[in-house]
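Student: protein_17.cif is reproduced below (mmCIF, C-alpha atoms and all ligand atoms).
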data_target
loop_
_atom_site.group_PDB
_atom_site.id
_atom_site.type_symbol
_atom_site.label_atom_id
_atom_site.label_comp_id
_atom_site.auth_asym_id
_atom_site.auth_seq_id
_atom_site.Cartn_x
_atom_site.Cartn_y
_atom_site.Cartn_z
ATOM 1 C CA MET U 1 195.153 31.554 -31.146
ATOM 2 C CA ALA U 2 198.311 33.635 -30.733
ATOM 3 C CA ALA U 3 200.275 35.152 -33.593
ATOM 4 C CA GLY U 4 202.669 32.619 -35.151
ATOM 5 C CA GLY U 5 200.092 29.855 -35.263
ATOM 6 C CA ALA U 6 200.259 28.551 -31.703
ATOM 7 C CA PHE U 7 197.447 28.028 -29.239
ATOM 8 C CA GLU U 8 197.998 29.990 -26.014
ATOM 9 C CA ALA U 9 195.803 27.687 -23.942
ATOM 10 C CA CYS U 10 194.247 24.240 -24.075
ATOM 11 C CA PRO U 11 191.298 24.454 -26.500
ATOM 12 C CA LEU U 12 189.421 21.910 -24.369
ATOM 13 C CA CYS U 13 189.775 23.363 -20.849
ATOM 14 C CA GLY U 14 191.620 26.707 -21.139
ATOM 15 C CA ARG U 15 194.612 25.697 -18.984
ATOM 16 C CA GLU U 16 198.153 26.647 -19.951
ATOM 17 C CA LEU U 17 199.875 24.359 -22.466
ATOM 18 C CA GLN U 18 203.208 22.859 -21.386
ATOM 19 C CA PRO U 19 206.213 22.103 -23.633
ATOM 20 C CA THR U 20 207.068 18.490 -24.517
ATOM 21 C CA ARG U 21 210.272 16.915 -25.862
ATOM 22 C CA VAL U 22 208.673 16.257 -29.259
ATOM 23 C CA ARG U 23 210.720 17.732 -32.117
ATOM 24 C CA ALA U 24 209.757 15.793 -35.221
ATOM 25 C CA PHE U 25 209.967 16.212 -38.980
ATOM 26 C CA ASP U 26 207.365 15.431 -41.611
ATOM 27 C CA ARG U 27 208.593 11.921 -42.350
ATOM 28 C CA LEU U 28 205.913 11.052 -44.909
ATOM 29 C CA ILE U 29 206.152 13.690 -47.649
ATOM 30 C CA THR U 30 208.286 16.828 -47.301
ATOM 31 C CA GLY U 31 210.967 16.295 -44.635
ATOM 32 C CA ASP U 32 210.039 19.753 -43.257
ATOM 33 C CA GLY U 33 210.424 20.569 -39.588
ATOM 34 C CA PRO U 34 211.049 20.282 -36.810
ATOM 35 C CA PHE U 35 207.538 20.639 -35.463
ATOM 36 C CA THR U 36 206.777 20.308 -31.796
ATOM 37 C CA VAL U 37 203.771 19.498 -29.621
ATOM 38 C CA ARG U 38 202.652 21.319 -26.487
ATOM 39 C CA GLU U 39 200.281 19.564 -24.147
ATOM 40 C CA CYS U 40 197.601 20.126 -21.560
ATOM 41 C CA ARG U 41 198.625 17.848 -18.693
ATOM 42 C CA SER U 42 195.119 17.963 -17.266
ATOM 43 C CA CYS U 43 193.313 16.816 -20.437
ATOM 44 C CA ARG U 44 196.271 14.781 -21.786
ATOM 45 C CA PHE U 45 195.751 16.621 -25.019
ATOM 46 C CA GLY U 46 198.542 17.688 -27.378
ATOM 47 C CA VAL U 47 198.563 20.601 -29.789
ATOM 48 C CA THR U 48 200.988 20.753 -32.721
ATOM 49 C CA ASP U 49 203.122 23.894 -32.818
ATOM 50 C CA PRO U 50 203.047 25.695 -35.146
ATOM 51 C CA GLN U 51 199.437 25.078 -36.168
ATOM 52 C CA LEU U 52 199.435 25.266 -39.961
ATOM 53 C CA ARG U 53 196.182 26.297 -41.598
ATOM 54 C CA GLY U 54 194.432 26.137 -44.982
ATOM 55 C CA GLY U 55 196.843 26.779 -47.839
ATOM 56 C CA GLU U 56 199.870 26.298 -45.543
ATOM 57 C CA LEU U 57 198.900 22.632 -45.186
ATOM 58 C CA GLU U 58 198.371 21.857 -48.874
ATOM 59 C CA ARG U 59 201.944 20.786 -49.538
ATOM 60 C CA TYR U 60 201.653 18.236 -46.694
ATOM 61 C CA TYR U 61 198.767 16.464 -48.425
ATOM 62 C CA GLY U 62 200.392 15.734 -51.784
ATOM 63 C CA ALA U 63 199.306 13.006 -54.146
ATOM 64 C CA PRO U 64 201.592 10.390 -52.540
ATOM 65 C CA TYR U 65 199.738 10.858 -49.247
ATOM 66 C CA CYS U 66 196.199 10.857 -50.582
ATOM 67 C CA GLU U 67 196.447 8.488 -53.500
ATOM 68 C CA GLY U 68 199.172 6.092 -52.451
ATOM 69 C CA PHE U 69 199.030 6.028 -48.689
ATOM 70 C CA TYR U 70 195.242 6.028 -48.427
ATOM 71 C CA ASP U 71 194.483 4.185 -51.669
ATOM 72 C CA HIS U 72 192.396 6.908 -53.322
ATOM 73 C CA ALA U 73 193.854 6.001 -56.704
ATOM 74 C CA ASP U 74 191.587 4.252 -59.186
ATOM 75 C CA ALA U 75 194.291 2.000 -60.633
ATOM 76 C CA ALA U 76 195.074 -1.281 -58.886
ATOM 77 C CA PRO U 77 198.631 -1.625 -57.494
ATOM 78 C CA SER U 78 200.921 -3.589 -59.784
ATOM 79 C CA GLY U 79 203.586 -5.460 -57.760
ATOM 80 C CA LEU U 80 203.006 -8.687 -55.858
ATOM 81 C CA LEU U 81 204.020 -7.154 -52.515
ATOM 82 C CA GLU U 82 201.908 -4.029 -53.124
ATOM 83 C CA ARG U 83 198.884 -6.226 -53.866
ATOM 84 C CA ALA U 84 199.545 -8.179 -50.660
ATOM 85 C CA ARG U 85 199.781 -4.890 -48.738
ATOM 86 C CA GLY U 86 196.446 -3.795 -50.271
ATOM 87 C CA ARG U 87 194.780 -7.064 -49.225
ATOM 88 C CA PHE U 88 196.171 -6.719 -45.695
ATOM 89 C CA ARG U 89 194.923 -3.116 -45.434
ATOM 90 C CA ARG U 90 191.418 -4.068 -46.604
ATOM 91 C CA ARG U 91 191.216 -6.989 -44.172
ATOM 92 C CA ALA U 92 192.489 -4.838 -41.282
ATOM 93 C CA ALA U 93 189.934 -2.126 -42.168
ATOM 94 C CA ALA U 94 187.084 -4.668 -42.280
ATOM 95 C CA ARG U 95 188.088 -5.910 -38.817
ATOM 96 C CA ARG U 96 188.231 -2.340 -37.492
ATOM 97 C CA PHE U 97 184.803 -1.457 -38.910
ATOM 98 C CA ALA U 98 183.242 -4.548 -37.338
ATOM 99 C CA ARG U 99 184.338 -3.408 -33.852
ATOM 100 C CA LYS U 100 183.481 -0.567 -31.496
ATOM 101 C CA PRO U 101 182.816 2.283 -31.969
ATOM 102 C CA PHE U 102 181.689 1.677 -35.575
ATOM 103 C CA ALA U 103 179.669 -1.398 -34.640
ATOM 104 C CA SER U 104 177.486 -1.109 -31.583
ATOM 105 C CA PRO U 105 174.650 -3.266 -30.254
ATOM 106 C CA GLY U 106 171.272 -1.857 -31.223
ATOM 107 C CA LEU U 107 172.659 0.323 -34.025
ATOM 108 C CA LYS U 108 170.035 0.102 -36.783
ATOM 109 C CA PRO U 109 170.642 1.264 -40.377
ATOM 110 C CA GLY U 110 169.728 4.876 -41.102
ATOM 111 C CA ARG U 111 171.683 7.797 -42.506
ATOM 112 C CA VAL U 112 175.418 7.863 -41.747
ATOM 113 C CA LEU U 113 177.826 10.735 -42.437
ATOM 114 C CA ASP U 114 181.585 10.022 -42.463
ATOM 115 C CA VAL U 115 183.626 13.189 -41.885
ATOM 116 C CA GLY U 116 186.981 12.896 -43.690
ATOM 117 C CA CYS U 117 185.646 9.928 -45.617
ATOM 118 C CA GLY U 118 188.804 9.334 -47.662
ATOM 119 C CA SER U 119 188.241 6.678 -50.282
ATOM 120 C CA GLY U 120 184.894 5.673 -48.768
ATOM 121 C CA GLU U 121 185.862 2.308 -47.271
ATOM 122 C CA LEU U 122 183.913 2.860 -44.054
ATOM 123 C CA LEU U 123 180.869 4.113 -45.989
ATOM 124 C CA ALA U 124 180.990 1.056 -48.279
ATOM 125 C CA HIS U 125 180.945 -1.082 -45.123
ATOM 126 C CA TYR U 126 177.813 0.714 -43.858
ATOM 127 C CA ALA U 127 176.161 0.610 -47.318
ATOM 128 C CA ALA U 128 176.529 -3.175 -47.302
ATOM 129 C CA LEU U 129 174.650 -3.183 -43.960
ATOM 130 C CA GLY U 130 171.756 -1.171 -45.445
ATOM 131 C CA TRP U 131 172.745 2.383 -44.420
ATOM 132 C CA GLN U 132 172.309 5.460 -46.645
ATOM 133 C CA THR U 133 175.838 6.823 -46.893
ATOM 134 C CA PHE U 134 177.112 10.404 -46.981
ATOM 135 C CA GLY U 135 180.644 11.745 -46.768
ATOM 136 C CA ILE U 136 182.696 14.921 -46.484
ATOM 137 C CA ASP U 137 186.317 15.308 -47.541
ATOM 138 C CA PRO U 138 188.404 18.305 -48.611
ATOM 139 C CA ALA U 139 190.462 16.210 -51.103
ATOM 140 C CA GLU U 140 189.116 15.917 -54.654
ATOM 141 C CA SER U 141 190.750 12.515 -55.158
ATOM 142 C CA ALA U 142 189.029 11.248 -51.991
ATOM 143 C CA VAL U 143 185.624 12.558 -53.056
ATOM 144 C CA ALA U 144 185.949 10.880 -56.449
ATOM 145 C CA ALA U 145 186.946 7.557 -54.837
ATOM 146 C CA ALA U 146 184.121 7.705 -52.262
ATOM 147 C CA ALA U 147 181.587 8.538 -54.974
ATOM 148 C CA ARG U 148 182.792 5.478 -56.917
ATOM 149 C CA ALA U 149 182.031 3.513 -53.719
ATOM 150 C CA GLY U 150 178.415 4.744 -53.958
ATOM 151 C CA ALA U 151 178.314 7.492 -51.293
ATOM 152 C CA SER U 152 176.886 11.025 -51.643
ATOM 153 C CA VAL U 153 179.973 13.108 -50.945
ATOM 154 C CA HIS U 154 180.469 16.817 -50.259
ATOM 155 C CA LEU U 155 183.812 18.279 -51.345
ATOM 156 C CA GLY U 156 184.671 20.563 -48.423
ATOM 157 C CA THR U 157 184.398 20.560 -44.633
ATOM 158 C CA LEU U 158 181.790 20.661 -41.869
ATOM 159 C CA ASP U 159 181.970 24.488 -42.116
ATOM 160 C CA ASP U 160 180.361 24.495 -45.579
ATOM 161 C CA GLN U 161 178.393 21.229 -45.497
ATOM 162 C CA PRO U 162 175.039 21.247 -47.302
ATOM 163 C CA TRP U 163 172.777 19.196 -44.997
ATOM 164 C CA PRO U 164 169.984 20.446 -42.697
ATOM 165 C CA ALA U 165 170.107 20.041 -38.899
ATOM 166 C CA GLU U 166 169.087 16.693 -37.369
ATOM 167 C CA ARG U 167 169.766 14.814 -40.590
ATOM 168 C CA PHE U 168 171.843 11.821 -39.473
ATOM 169 C CA GLU U 169 171.537 8.908 -37.053
ATOM 170 C CA LEU U 170 175.313 8.357 -37.004
ATOM 171 C CA ILE U 171 178.326 10.575 -37.730
ATOM 172 C CA THR U 172 181.791 9.030 -37.880
ATOM 173 C CA PHE U 173 185.294 10.504 -37.604
ATOM 174 C CA SER U 174 187.716 7.715 -38.495
ATOM 175 C CA HIS U 175 191.219 9.137 -38.002
ATOM 176 C CA SER U 176 190.030 12.532 -39.224
ATOM 177 C CA LEU U 177 189.312 14.658 -36.119
ATOM 178 C CA GLU U 178 193.048 15.124 -35.456
ATOM 179 C CA HIS U 179 193.385 16.732 -38.917
ATOM 180 C CA ILE U 180 190.654 19.339 -38.299
ATOM 181 C CA PRO U 181 191.846 22.799 -37.110
ATOM 182 C CA GLU U 182 189.059 23.334 -34.563
ATOM 183 C CA PRO U 183 188.045 19.880 -33.310
ATOM 184 C CA LEU U 184 185.515 21.107 -30.735
ATOM 185 C CA ASP U 185 183.752 23.187 -33.395
ATOM 186 C CA ALA U 186 183.700 20.116 -35.653
ATOM 187 C CA LEU U 187 182.117 17.978 -32.929
ATOM 188 C CA ARG U 188 179.635 20.781 -32.187
ATOM 189 C CA SER U 189 178.653 20.921 -35.882
ATOM 190 C CA ALA U 190 178.306 17.152 -35.942
ATOM 191 C CA ARG U 191 176.089 17.262 -32.847
ATOM 192 C CA ALA U 192 173.754 19.720 -34.610
ATOM 193 C CA LEU U 193 173.533 17.380 -37.618
ATOM 194 C CA LEU U 194 172.456 14.442 -35.411
ATOM 195 C CA VAL U 195 168.895 13.481 -34.662
ATOM 196 C CA PRO U 196 168.243 13.545 -30.881
ATOM 197 C CA GLY U 197 169.612 10.254 -29.587
ATOM 198 C CA GLY U 198 171.978 10.031 -32.577
ATOM 199 C CA LEU U 199 175.578 8.851 -32.208
ATOM 200 C CA ILE U 200 179.053 10.170 -32.950
ATOM 201 C CA ALA U 201 181.816 7.566 -33.369
ATOM 202 C CA VAL U 202 185.424 8.819 -33.197
ATOM 203 C CA THR U 203 188.697 6.915 -33.614
ATOM 204 C CA LEU U 204 192.171 8.463 -33.543
ATOM 205 C CA PRO U 205 195.697 7.924 -32.186
ATOM 206 C CA ASN U 206 196.181 7.789 -28.413
ATOM 207 C CA TRP U 207 198.605 10.527 -27.304
ATOM 208 C CA SER U 208 198.962 8.932 -23.852
ATOM 209 C CA CYS U 209 200.001 5.482 -25.088
ATOM 210 C CA TRP U 210 203.279 3.753 -24.197
ATOM 211 C CA GLN U 211 204.246 3.409 -27.886
ATOM 212 C CA ARG U 212 204.389 7.202 -28.179
ATOM 213 C CA HIS U 213 206.846 7.355 -25.283
ATOM 214 C CA LEU U 214 208.876 4.409 -26.647
ATOM 215 C CA PHE U 215 209.190 5.615 -30.257
ATOM 216 C CA ALA U 216 209.233 9.331 -29.294
ATOM 217 C CA ASN U 217 209.843 11.482 -32.400
ATOM 218 C CA ARG U 218 209.573 8.406 -34.626
ATOM 219 C CA TRP U 219 206.141 7.333 -33.386
ATOM 220 C CA PHE U 220 204.186 6.791 -36.584
ATOM 221 C CA HIS U 221 200.970 8.378 -35.275
ATOM 222 C CA LEU U 222 202.632 11.746 -34.552
ATOM 223 C CA ASP U 223 202.320 12.472 -38.294
ATOM 224 C CA LEU U 224 203.392 16.109 -37.920
ATOM 225 C CA PRO U 225 202.326 18.587 -39.107
ATOM 226 C CA ARG U 226 199.163 16.917 -40.493
ATOM 227 C CA HIS U 227 197.973 15.874 -37.032
ATOM 228 C CA LEU U 228 197.062 19.250 -35.585
ATOM 229 C CA GLN U 229 195.815 17.784 -32.301
ATOM 230 C CA HIS U 230 196.688 14.709 -30.273
ATOM 231 C CA PHE U 231 193.832 13.203 -28.277
ATOM 232 C CA SER U 232 193.733 10.638 -25.487
ATOM 233 C CA PRO U 233 190.801 8.875 -23.807
ATOM 234 C CA ARG U 234 190.821 11.612 -21.164
ATOM 235 C CA ALA U 235 190.773 14.382 -23.814
ATOM 236 C CA LEU U 236 187.832 12.675 -25.542
ATOM 237 C CA ALA U 237 185.976 12.573 -22.211
ATOM 238 C CA VAL U 238 186.673 16.275 -21.546
ATOM 239 C CA ALA U 239 185.456 17.179 -25.062
ATOM 240 C CA SER U 240 182.264 15.134 -24.721
ATOM 241 C CA THR U 241 181.449 16.796 -21.380
ATOM 242 C CA ALA U 242 182.101 20.274 -22.825
ATOM 243 C CA LEU U 243 179.685 19.561 -25.687
ATOM 244 C CA GLU U 244 177.006 17.906 -23.546
ATOM 245 C CA LEU U 245 177.400 14.627 -25.360
ATOM 246 C CA GLU U 246 176.764 11.456 -23.414
ATOM 247 C CA ALA U 247 179.885 9.244 -23.431
ATOM 248 C CA LEU U 248 178.586 5.697 -23.993
ATOM 249 C CA ASP U 249 182.058 4.246 -24.377
ATOM 250 C CA ILE U 250 185.587 5.699 -24.371
ATOM 251 C CA ALA U 251 188.543 3.302 -24.488
ATOM 252 C CA THR U 252 191.806 2.441 -26.226
ATOM 253 C CA SER U 253 192.283 0.068 -29.152
ATOM 254 C CA SER U 254 195.284 -1.462 -30.920
ATOM 255 C CA THR U 255 196.324 -1.309 -34.538
ATOM 256 C CA VAL U 256 198.642 -3.961 -35.922
ATOM 257 C CA ILE U 257 200.336 -1.917 -38.623
ATOM 258 C CA SER U 258 201.450 1.131 -36.648
ATOM 259 C CA VAL U 259 204.245 -0.791 -34.893
ATOM 260 C CA ALA U 260 205.676 -1.724 -38.295
ATOM 261 C CA TYR U 261 205.421 1.889 -39.445
ATOM 262 C CA SER U 262 207.084 3.231 -36.280
ATOM 263 C CA LEU U 263 209.874 0.651 -36.770
ATOM 264 C CA HIS U 264 210.119 1.825 -40.367
ATOM 265 C CA TYR U 265 210.769 5.371 -39.121
ATOM 266 C CA VAL U 266 213.388 4.008 -36.690
ATOM 267 C CA ILE U 267 215.153 2.153 -39.543
ATOM 268 C CA ALA U 268 214.740 4.593 -42.427
ATOM 269 C CA GLY U 269 214.099 7.942 -40.745
ATOM 270 C CA ARG U 270 211.315 8.755 -43.157
ATOM 271 C CA TRP U 271 208.791 7.023 -45.416
ATOM 272 C CA THR U 272 210.924 5.049 -47.882
ATOM 273 C CA PRO U 273 209.143 2.551 -50.121
ATOM 274 C CA GLY U 274 211.294 -0.474 -50.945
ATOM 275 C CA TRP U 275 213.222 -3.027 -48.931
ATOM 276 C CA LYS U 276 213.379 -0.880 -45.777
ATOM 277 C CA LEU U 277 209.589 -0.817 -45.709
ATOM 278 C CA TRP U 278 209.317 -4.568 -46.226
ATOM 279 C CA LEU U 279 211.909 -5.155 -43.491
ATOM 280 C CA ALA U 280 209.765 -3.006 -41.185
ATOM 281 C CA TYR U 281 206.666 -5.068 -42.046
ATOM 282 C CA ALA U 282 208.587 -8.260 -41.206
ATOM 283 C CA LEU U 283 209.889 -6.840 -37.907
ATOM 284 C CA GLY U 284 206.459 -5.424 -37.069
ATOM 285 C CA ALA U 285 204.789 -8.806 -37.649
ATOM 286 C CA THR U 286 207.398 -10.477 -35.401
ATOM 287 C CA ALA U 287 207.036 -7.835 -32.705
ATOM 288 C CA PHE U 288 203.259 -7.726 -32.695
ATOM 289 C CA PRO U 289 202.488 -10.586 -30.240
ATOM 290 C CA PRO U 290 204.486 -8.975 -27.367
ATOM 291 C CA VAL U 291 203.244 -5.512 -28.413
ATOM 292 C CA ALA U 292 199.641 -6.754 -28.210
ATOM 293 C CA ALA U 293 200.331 -8.157 -24.732
ATOM 294 C CA VAL U 294 201.694 -4.806 -23.504
ATOM 295 C CA ASN U 295 198.793 -2.965 -25.196
ATOM 296 C CA ALA U 296 196.385 -5.159 -23.237
ATOM 297 C CA LEU U 297 198.129 -4.115 -20.008
ATOM 298 C CA LEU U 298 198.867 -0.432 -20.636
ATOM 299 C CA GLY U 299 196.403 0.572 -23.359
ATOM 300 C CA GLY U 300 196.551 0.558 -27.154
ATOM 301 C CA ASP U 301 198.052 3.030 -29.613
ATOM 302 C CA CYS U 302 194.640 4.366 -30.657
ATOM 303 C CA CYS U 303 191.529 5.431 -28.791
ATOM 304 C CA TYR U 304 187.858 5.744 -29.579
ATOM 305 C CA ALA U 305 184.667 7.310 -28.312
ATOM 306 C CA LEU U 306 181.016 6.523 -28.893
ATOM 307 C CA LEU U 307 179.048 9.647 -27.938
ATOM 308 C CA ARG U 308 175.291 10.224 -27.927
ATOM 309 C CA ARG U 309 173.366 13.420 -28.378
ATOM 310 C CA PRO U 310 170.866 13.211 -25.520
ATOM 311 C CA ALA U 311 167.342 12.483 -26.739
ATOM 312 C CA GLY U 312 165.242 15.651 -26.603
ATOM 313 C CA ALA U 313 168.330 17.918 -26.278
ATOM 314 C CA ALA U 314 168.238 21.197 -28.174
ATOM 315 C CA THR U 315 170.679 21.924 -30.985
ATOM 316 C CA SER U 316 173.490 24.021 -29.535
HETATM 317 ZN ZN ZN X 1 193.023 20.919 -21.167
#
Could you take the file, read its structure, and then write that structure out as structure tokens?
Ligand SMILES: [Zn+2]
Tutor:
Amino acid sequence: MAAGGAFEACPLCGRELQPTRVRAFDRLITGDGPFTVRECRSCRFGVTDPQLRGGELERYYGAPYCEGFYDHADAAPSGLLERARGRFRRRAAARRFARKPFASPGLKPGRVLDVGCGSGELLAHYAALGWQTFGIDPAESAVAAAARAGASVHLGTLDDQPWPAERFELITFSHSLEHIPEPLDALRSARALLVPGGLIAVTLPNWSCWQRHLFANRWFHLDLPRHLQHFSPRALAVASTALELEALDIATSSTVISVAYSLHYVIAGRWTPGWKLWLAYALGATAFPPVAAVNALLGGDCCYALLRRPAGAATS
């Protein structure tokens, strides 16, 4: 990485990164910015510029983000609308977990590790299916919430994880890989933790989707500067090839809520709880049928990969 916190070249393929028109502020917590994204046009992979690291990022993961936005808090929400939002989120999560890449034919319960496990919702889903559940998260509030959900959780990252090689049948990254400073290193570490034939399931926003072009700097999934990288199906394929992981399935998927959140940023400019948020939910619900139709044609706002460590392959 060059001085000033910017990658000089694409971390996936080494080609030169090109400027984009993205100039966006942190709309969720601080209002800081603008941050920009440079991209590798070959991999369709974006890199946030500047790349904040370690302590520089702490102020962008305040309590409102971790405990409110991702429901790490122990206390139940109080208002009627907040409770409705919580129910919607849980139902949407359950639907997401029941689909690819988290559900896959022939996937039998074993040991699953969720990297960036947050409040442990995905692990609770696997526990109910008979899996032994393990998690990693750098946020103390997340670790406490995931432990309450019954998982064995390591406070930290893949760099300091405590497990021996070839420990897990499945490792999941649910909207976490884009927050990790060195995503290829993270996938390489995960590969070493997999039994031969074990699977890695990744979901994250789709940098090459039409919604990103439509909403531009107000696209909800930009989430600068927390999203350090911006993947696409092509970038996931390049990464899997580089790491000698077998790509069983790479595709796009659609989330319902992100349209409402992008509309919220169009209306309010930044995350603003209250009537502007509820208006965005109403508009998002109205807009979703046509959005879903265009997603089906042009690809969804998120993408996923189900990758397999080849059976008999050495740890690299
Ligand atoms: Zn590249």
Student: Using all atoms listed in the file, what are the residues with an atom within 12 Å of ligand ZN 1 (chain X), set out as a PyMOL selection string?
Tutor: chain U and resi 7-18+38-47+229-232+234-239+242
Student: Apply the PyMOL selection byres (((chain U and resi 196) around 10) and not hetatm) to the file shown and report the selected residues as a ChimeraX atom specification.
Tutor: /U:166-169,191-195,197-199,308-315
Student: So the first atom is atom CA of Thr255 of chain U and the second is atom CA of Gly299 of chain U; what is the distance between them in Å, to one decimal place?
Tutor: 11.3 Å
Student: What gap, in Å, lies between atom CA of Phe97 of chain U and atom CA of Leu129 of chain U?
Tutor: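 We find that atom CA of Phe97 of chain U and atom CA of Leu129 of chain U lie 11.5 Å from each other.
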Student: Under the PyMOL selection byres (((chain U and resi 200) around 10) and not hetatm), which residues of this model are included? Write them out as an mmCIF file with C-alpha atoms, in the coordinates of the input.
Tutor:
data_model
loop_
_atom_site.group_PDB
_atom_site.id
_atom_site.type_symbol
_atom_site.label_atom_id
_atom_site.label_comp_id
_atom_site.auth_asym_id
_atom_site.auth_seq_id
_atom_site.Cartn_x
_atom_site.Cartn_y
_atom_site.Cartn_z
ATOM 1 C CA PRO U 101 182.816 2.283 -31.969
ATOM 2 C CA PHE U 102 181.689 1.677 -35.575
ATOM 3 C CA VAL U 112 175.418 7.863 -41.747
ATOM 4 C CA LEU U 113 177.826 10.735 -42.437
ATOM 5 C CA ASP U 114 181.585 10.022 -42.463
ATOM 6 C CA PHE U 168 171.843 11.821 -39.473
ATOM 7 C CA GLU U 169 171.537 8.908 -37.053
ATOM 8 C CA LEU U 170 175.313 8.357 -37.004
ATOM 9 C CA ILE U 171 178.326 10.575 -37.730
ATOM 10 C CA THR U 172 181.791 9.030 -37.880
ATOM 11 C CA PHE U 173 185.294 10.504 -37.604
ATOM 12 C CA LEU U 187 182.117 17.978 -32.929
ATOM 13 C CA ALA U 190 178.306 17.152 -35.942
ATOM 14 C CA ARG U 191 176.089 17.262 -32.847
ATOM 15 C CA LEU U 194 172.456 14.442 -35.411
ATOM 16 C CA GLY U 198 171.978 10.031 -32.577
ATOM 17 C CA LEU U 199 175.578 8.851 -32.208
ATOM 18 C CA ALA U 201 181.816 7.566 -33.369
ATOM 19 C CA VAL U 202 185.424 8.819 -33.197
ATOM 20 C CA LEU U 245 177.400 14.627 -25.360
ATOM 21 C CA GLU U 246 176.764 11.456 -23.414
ATOM 22 C CA ALA U 247 179.885 9.244 -23.431
ATOM 23 C CA ALA U 305 184.667 7.310 -28.312
ATOM 24 C CA LEU U 306 181.016 6.523 -28.893
ATOM 25 C CA LEU U 307 179.048 9.647 -27.938
ATOM 26 C CA ARG U 308 175.291 10.224 -27.927
ATOM 27 C CA ARG U 309 173.366 13.420 -28.378
#
Student: With the PyMOL selection byres (((chain U and resi 219) around 9) and not hetatm) as the selection, what would be picked from this file? Answer as an MDAnalysis selection string, please.
Tutor: chainID U and resid 211:218 220:223 258:259 261:263 265:266
Student: Restricting the calculation to all atoms listed in the file, which member of U:Gly54, U:Gly33, U:Pro105, U:Gly269 is positioned closest to Gly156 of chain U?
Tutor: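 Among U:Gly54, U:Gly33, U:Pro105, U:Gly269, it is U:Gly54 that comes nearest to Gly156 of chain U.
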Student: Using atom CA of Gly300 of chain U and atom CA of Ala24 of chain U as the two end points, give the distance in Å to one decimal.
Tutor: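 We find that atom CA of Gly300 of chain U and atom CA of Ala24 of chain U lie 21.7 Å from each other.
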Student: Quick one: 8 Å padding each side, axis-aligned, all listed atoms of segment 88-93 of chain U - centre and edge lengths in Å to one decimal, as JSON?
Tutor:
{"center_x": 193.1, "center_y": -4.6, "center_z": -43.9, "size_x": 22.2, "size_y": 20.9, "size_z": 21.3}
Student: Closest to Phe134 of chain U among U:Arg111, U:His227, U:Arg23, U:Arg148, using all atoms listed in the file?
Tutor: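 Nearest candidate to Phe134 of chain U out of U:Arg111, U:His227, U:Arg23, U:Arg148: U:Arg111.
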Student: Within 12 Å of segment 80-86 of chain U, which residues of segment 222-288 of chain U come that close, and what is the closest atom pair and distance in Å for each? Count all atoms listed in the file and give it as JSON lines.
Tutor:
{"residue": "U:Ile257", "atom": "CA", "partner": "U:Arg85", "partner_atom": "CA", "distance": 10.6}
{"residue": "U:Pro273", "atom": "CA", "partner": "U:Glu82", "partner_atom": "CA", "distance": 10.2}
{"residue": "U:Gly274", "atom": "CA", "partner": "U:Leu81", "partner_atom": "CA", "distance": 10.0}
{"residue": "U:Trp275", "atom": "CA", "partner": "U:Leu81", "partner_atom": "CA", "distance": 10.7}
{"residue": "U:Leu277", "atom": "CA", "partner": "U:Leu81", "partner_atom": "CA", "distance": 10.8}
{"residue": "U:Trp278", "atom": "CA", "partner": "U:Leu81", "partner_atom": "CA", "distance": 8.6}
{"residue": "U:Tyr281", "atom": "CA", "partner": "U:Arg85", "partner_atom": "CA", "distance": 9.6}
Student: Considering all atoms listed in the file, return as a PyMOL selection string whatever protein or nucleic-acid residues lie within 8 Å of Cys303 of chain U, sequence-local ones (same chain, fewer than 4 positions apart) excluded.
Tutor: chain U and resi 203-206+232-233+250-253
Student: Selected residues, C-alpha atoms, written as a CSV table (one decimal), in the frame of the given file, please.
Tutor:
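As written to disk, part_23.csv reads:
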chain,number,residue,atom,x,y,z
U,203,THR,CA,188.7,6.9,-33.6
U,204,LEU,CA,192.2,8.5,-33.5
U,205,PRO,CA,195.7,7.9,-32.2
U,206,ASN,CA,196.2,7.8,-28.4
U,232,SER,CA,193.7,10.6,-25.5
U,233,PRO,CA,190.8,8.9,-23.8
U,250,ILE,CA,185.6,5.7,-24.4
U,251,ALA,CA,188.5,3.3,-24.5
U,252,THR,CA,191.8,2.4,-26.2
U,253,SER,CA,192.3,0.1,-29.2
Student: Can you list, as a PyMOL selection string, every protein, DNA or RNA residue that comes within 12 Å of Leu297 of chain U when you count only C-alpha atoms, leaving out same-chain residues fewer than 5 positions away?
Tutor: chain U and resi 209-210+252-254+290-292
Student: For a quick check of understanding, using all atoms listed in the file, which of U:Leu177, U:Leu248, U:Leu123, U:Val37 has the smallest distance to Ser152 of chain U?
Tutor: U:Leu123
Student: Excluding Glu121 of chain U and any residue of its chain fewer than 2 positions from it, enumerate the residues within 8 Å of it, using all atoms listed in the file, and give them as a list in words.
Tutor: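 Contacts, in chain order: Ala93, Cys117, Gly118, Ser119, Leu123, Ala124, His125, Ala146 and Ala149 of chain U.
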Student: Which residue, U:Pro162, U:Leu224, U:His154, U:Pro183, has the smallest gap to Asp26 of chain U when you use all atoms listed in the file?
Tutor: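 Ranked by minimum distance to Asp26 of chain U, first place goes to U:Leu224.
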Student: Show me, as a tab-separated table, the residues of segment 157-266 of chain U having an atom within 10 Å of segment 136-145 of chain U, each with the closest atom pair and its distance in Å, using only C-alpha atoms.
Tutor:
residue	atom	partner	partner_atom	distance
U:Thr157	CA	U:Pro138	CA	6.1
U:Leu158	CA	U:Ile136	CA	7.4
U:Asp160	CA	U:Ile136	CA	9.9
U:Gln161	CA	U:Ile136	CA	7.7
U:Pro162	CA	U:Ile136	CA	10.0
U:Ser176	CA	U:Asp137	CA	9.5
Student: Counting only C-alpha atoms, which of U:Arg59, U:His264, U:Arg53, U:Arg96 gets nearest to Leu283 of chain U?
Tutor: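 Closest residue, counting only C-alpha atoms: U:His264.
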